[in-house]
Amino acid sequence: MRNTLLFILFTLCLGACSPGHNDYSDFKNISPEGWAYADTLNFKVDIDTTSTGNLSLALRHDNNYGYSNLWIEVSHRIDSTTVDRDTLNITLADIYGRWNGKGIGTSFQAEAVVSPDYKLNAGDSIQVRHIMRVDTLEGISQIGLLFISNDTPDE
């Protein structure tokens with residue numbers, strides 16, 4: 001009886017931890033030589049259907065990143081003639097040079113909301129590039145997109 005009760009409790013806990021059916025995340029590695037201005041990162045969305053939710057951009061960097069912020073352009077094609085572009089200024093450090101992101105040792109992750117009410121379709125392609133005034137940025141190791149659906153999963 002006790003083992004059955006523990007099994008049911010364990011199963012309920014696993015169910016509570018599972019993400020929504022349309023959640024999506026993907027990270028792209030940045031070359032150790034740096035992220036060049038012309039290097040656009042392409043994310044191909046892998047979800048089942050159209051969903052609305054919170055789209056965020058995450059970046060992982062280390063102490064070699066030489067700036068307190070990062071300007072990013074996030075683009076996606078709405079139809080054959082229209083491209084939607086969002087520009088983000090992500091603050092990575094305070095006025096004293098302390099990193100705002102969370103991390104261990106010299107590696108930090110920061111996140112910024114692109115849109116809290118973003119409509120994401122199956123098969124969408126999202127492009128991300130930096131728009132800083134330097135050609136190549138050093139100290140950034142990964143860029144990622146995170147999408148948390150506001151839709152309730154079908155029961």
# chains A, B, ... in the order shown; residues from 1 in each chain; ligands from 1

$ closest_atom_pairs --of "stretch 16-69 of chain A" --to "stretch 73-77 of chain A" --cutoff "10 Å" --atoms "only C-alpha atoms" --output "tab-separated table"
residue	atom	partner	partner_atom	distance
A:Thr40	CA	A:Glu73	CA	9.6
A:Leu41	CA	A:Val74	CA	9.6
A:Asn42	CA	A:Ser75	CA	9.6
A:Phe43	CA	A:His76	CA	9.7
A:Leu57	CA	A:Val74	CA	8.8

$ residues_around --residues "A:Ile72" --least-positions-apart "5" --cutoff "8 Å" --atoms "only C-alpha atoms" --output "list in words"
Thr87, Leu88, Asn89, Ile90, Val128, Arg129, His130, Ile131 and Met132 of chain A

$ closest_residue --among "A:Trp99, A:Tyr118, A:Tyr65, A:Phe108" --to "A:Trp35" --atoms "only C-alpha atoms"
A:Tyr65

$ closest_residue --among "A:Asp23, A:Glu33, A:Asp84, A:Asp39" --to "A:Val114" --atoms "only C-alpha atoms"
A:Asp84

$ residues_around --residues "A:Gly139" --least-positions-apart "2" --cutoff "12 Å" --atoms "only C-alpha atoms" --output "PyMOL selection string"
chain A and resi 29-36+59-68+70+106-109+136-137+141-143

$ select_by_dssp --residues "stretch 100-139 of chain A" --states "strand (DSSP E)" --output "list in words"
Lys102, Gly103, Ile104, Ser107, Phe108, Gln109, Ala110, Glu111, Ala112, Val113, Val114, Ser115, Pro116, Asp117, Tyr118, Lys119, Leu120, Ser125, Ile126, Gln127, Val128, Arg129, His130, Thr136 and Leu137 of chain A

$ write_last_selection --atoms "N, CA and C atoms" --output "PDB file, in the first residue's frame"
ATOM      1  N   LYS A 102      22.776  35.684 -13.784  1.00  0.00           N
ATOM      2  CA  LYS A 102      23.028  34.635 -12.802  1.00  0.00           C
ATOM      3  C   LYS A 102      24.074  33.686 -13.356  1.00  0.00           C
ATOM      4  N   GLY A 103      24.894  33.152 -12.465  1.00  0.00           N
ATOM      5  CA  GLY A 103      25.894  32.218 -12.934  1.00  0.00           C
ATOM      6  C   GLY A 103      26.810  31.760 -11.839  1.00  0.00           C
ATOM      7  N   ILE A 104      27.732  30.892 -12.238  1.00  0.00           N
ATOM      8  CA  ILE A 104      28.719  30.342 -11.322  1.00  0.00           C
ATOM      9  C   ILE A 104      30.097  30.667 -11.876  1.00  0.00           C
ATOM     10  N   SER A 107      31.006  32.500 -15.577  1.00  0.00           N
ATOM     11  CA  SER A 107      29.997  32.331 -16.611  1.00  0.00           C
ATOM     12  C   SER A 107      28.649  32.844 -16.108  1.00  0.00           C
ATOM     13  N   PHE A 108      27.985  33.674 -16.925  1.00  0.00           N
ATOM     14  CA  PHE A 108      26.736  34.310 -16.519  1.00  0.00           C
ATOM     15  C   PHE A 108      25.686  34.156 -17.601  1.00  0.00           C
ATOM     16  N   GLN A 109      24.415  34.100 -17.178  1.00  0.00           N
ATOM     17  CA  GLN A 109      23.307  34.080 -18.124  1.00  0.00           C
ATOM     18  C   GLN A 109      22.364  35.219 -17.785  1.00  0.00           C
ATOM     19  N   ALA A 110      22.028  35.993 -18.822  1.00  0.00           N
ATOM     20  CA  ALA A 110      21.069  37.083 -18.694  1.00  0.00           C
ATOM     21  C   ALA A 110      19.922  36.832 -19.657  1.00  0.00           C
ATOM     22  N   GLU A 111      18.729  37.315 -19.293  1.00  0.00           N
ATOM     23  CA  GLU A 111      17.556  37.156 -20.149  1.00  0.00           C
ATOM     24  C   GLU A 111      16.840  38.480 -20.305  1.00  0.00           C
ATOM     25  N   ALA A 112      16.193  38.645 -21.456  1.00  0.00           N
ATOM     26  CA  ALA A 112      15.382  39.832 -21.727  1.00  0.00           C
ATOM     27  C   ALA A 112      14.139  39.408 -22.490  1.00  0.00           C
ATOM     28  N   VAL A 113      13.014  39.988 -22.143  1.00  0.00           N
ATOM     29  CA  VAL A 113      11.756  39.661 -22.812  1.00  0.00           C
ATOM     30  C   VAL A 113      11.709  40.379 -24.155  1.00  0.00           C
ATOM     31  N   VAL A 114      11.485  39.618 -25.220  1.00  0.00           N
ATOM     32  CA  VAL A 114      11.279  40.183 -26.545  1.00  0.00           C
ATOM     33  C   VAL A 114       9.846  40.673 -26.643  1.00  0.00           C
ATOM     34  N   SER A 115       8.902  39.814 -26.249  1.00  0.00           N
ATOM     35  CA  SER A 115       7.487  40.169 -26.277  1.00  0.00           C
ATOM     36  C   SER A 115       6.732  39.271 -25.308  1.00  0.00           C
ATOM     37  N   PRO A 116       5.885  39.852 -24.438  1.00  0.00           N
ATOM     38  CA  PRO A 116       5.110  39.029 -23.515  1.00  0.00           C
ATOM     39  C   PRO A 116       3.883  38.396 -24.173  1.00  0.00           C
ATOM     40  N   ASP A 117       3.549  38.835 -25.373  1.00  0.00           N
ATOM     41  CA  ASP A 117       2.351  38.334 -26.061  1.00  0.00           C
ATOM     42  C   ASP A 117       2.703  38.025 -27.510  1.00  0.00           C
ATOM     43  N   TYR A 118       3.672  37.135 -27.692  1.00  0.00           N
ATOM     44  CA  TYR A 118       4.239  36.823 -29.001  1.00  0.00           C
ATOM     45  C   TYR A 118       3.476  35.666 -29.636  1.00  0.00           C
ATOM     46  N   LYS A 119       3.094  35.819 -30.899  1.00  0.00           N
ATOM     47  CA  LYS A 119       2.400  34.747 -31.628  1.00  0.00           C
ATOM     48  C   LYS A 119       3.441  33.948 -32.398  1.00  0.00           C
ATOM     49  N   LEU A 120       3.590  32.691 -32.029  1.00  0.00           N
ATOM     50  CA  LEU A 120       4.586  31.810 -32.621  1.00  0.00           C
ATOM     51  C   LEU A 120       3.877  30.702 -33.382  1.00  0.00           C
ATOM     52  N   SER A 125      10.716  30.941 -38.489  1.00  0.00           N
ATOM     53  CA  SER A 125      12.157  31.138 -38.433  1.00  0.00           C
ATOM     54  C   SER A 125      12.404  32.512 -37.808  1.00  0.00           C
ATOM     55  N   ILE A 126      13.247  32.542 -36.784  1.00  0.00           N
ATOM     56  CA  ILE A 126      13.559  33.783 -36.082  1.00  0.00           C
ATOM     57  C   ILE A 126      15.061  34.023 -36.207  1.00  0.00           C
ATOM     58  N   GLN A 127      15.435  35.247 -36.596  1.00  0.00           N
ATOM     59  CA  GLN A 127      16.842  35.602 -36.753  1.00  0.00           C
ATOM     60  C   GLN A 127      17.251  36.555 -35.633  1.00  0.00           C
ATOM     61  N   VAL A 128      18.478  36.357 -35.142  1.00  0.00           N
ATOM     62  CA  VAL A 128      19.026  37.196 -34.081  1.00  0.00           C
ATOM     63  C   VAL A 128      20.417  37.632 -34.508  1.00  0.00           C
ATOM     64  N   ARG A 129      20.683  38.931 -34.367  1.00  0.00           N
ATOM     65  CA  ARG A 129      22.030  39.442 -34.632  1.00  0.00           C
ATOM     66  C   ARG A 129      22.324  40.581 -33.671  1.00  0.00           C
ATOM     67  N   HIS A 130      23.608  40.793 -33.405  1.00  0.00           N
ATOM     68  CA  HIS A 130      23.957  41.931 -32.555  1.00  0.00           C
ATOM     69  C   HIS A 130      24.078  43.176 -33.435  1.00  0.00           C
ATOM     70  N   THR A 136      33.178  42.676 -34.088  1.00  0.00           N
ATOM     71  CA  THR A 136      33.195  41.359 -33.460  1.00  0.00           C
ATOM     72  C   THR A 136      33.173  41.494 -31.944  1.00  0.00           C
ATOM     73  N   LEU A 137      32.218  40.812 -31.323  1.00  0.00           N
ATOM     74  CA  LEU A 137      32.093  40.810 -29.863  1.00  0.00           C
ATOM     75  C   LEU A 137      32.737  39.555 -29.306  1.00  0.00           C
TER      76      LEU A 137
END

$ atom_distance --atom1 "atom CA of A:Tyr37" --atom2 "atom CA of A:Val134"
7.5 Å

$ select_by_dssp --residues "chain A" --states "alpha helix (DSSP H)" --output "NGL selection string"
:A and (2-17)

$ residues_around --residues "A:Asn150" --least-positions-apart "5" --cutoff "8 Å" --atoms "only C-alpha atoms" --output "ChimeraX atom specification"
/A:51-54

$ closest_residue --among "A:Asn69, A:Thr81, A:Ser149, A:Asn100" --to "A:Thr49" --atoms "only C-alpha atoms"
A:Ser149

$ atom_distance --atom1 "atom CA of A:Asp86" --atom2 "atom CA of A:Leu146"
15.3 Å

$ atom_distance --atom1 "atom CA of A:Arg98" --atom2 "atom CA of A:Ser56"
22.3 Å

$ closest_residue --among "A:Asp26, A:Trp71, A:Ile78, A:Phe147" --to "A:Thr91" --atoms "only C-alpha atoms"
A:Trp71

$ residues_around --residues "A:Tyr24" --least-positions-apart "3" --cutoff "8 Å" --atoms "only C-alpha atoms" --output "PDB file with C-alpha atoms, in the first residue's frame"
ATOM      1  CA  VAL A  45      10.840  26.945 -34.350  1.00  0.00           C
ATOM      2  CA  ASP A  46       9.847  23.381 -33.515  1.00  0.00           C
ATOM      3  CA  ILE A  47       6.366  23.508 -31.979  1.00  0.00           C
ATOM      4  CA  LEU A 145      15.392  31.849 -27.507  1.00  0.00           C
ATOM      5  CA  LEU A 146      12.930  30.817 -24.807  1.00  0.00           C
ATOM      6  CA  PHE A 147       9.177  30.591 -25.419  1.00  0.00           C
ATOM      7  CA  ILE A 148       6.630  29.872 -22.698  1.00  0.00           C
TER       8      ILE A 148
END
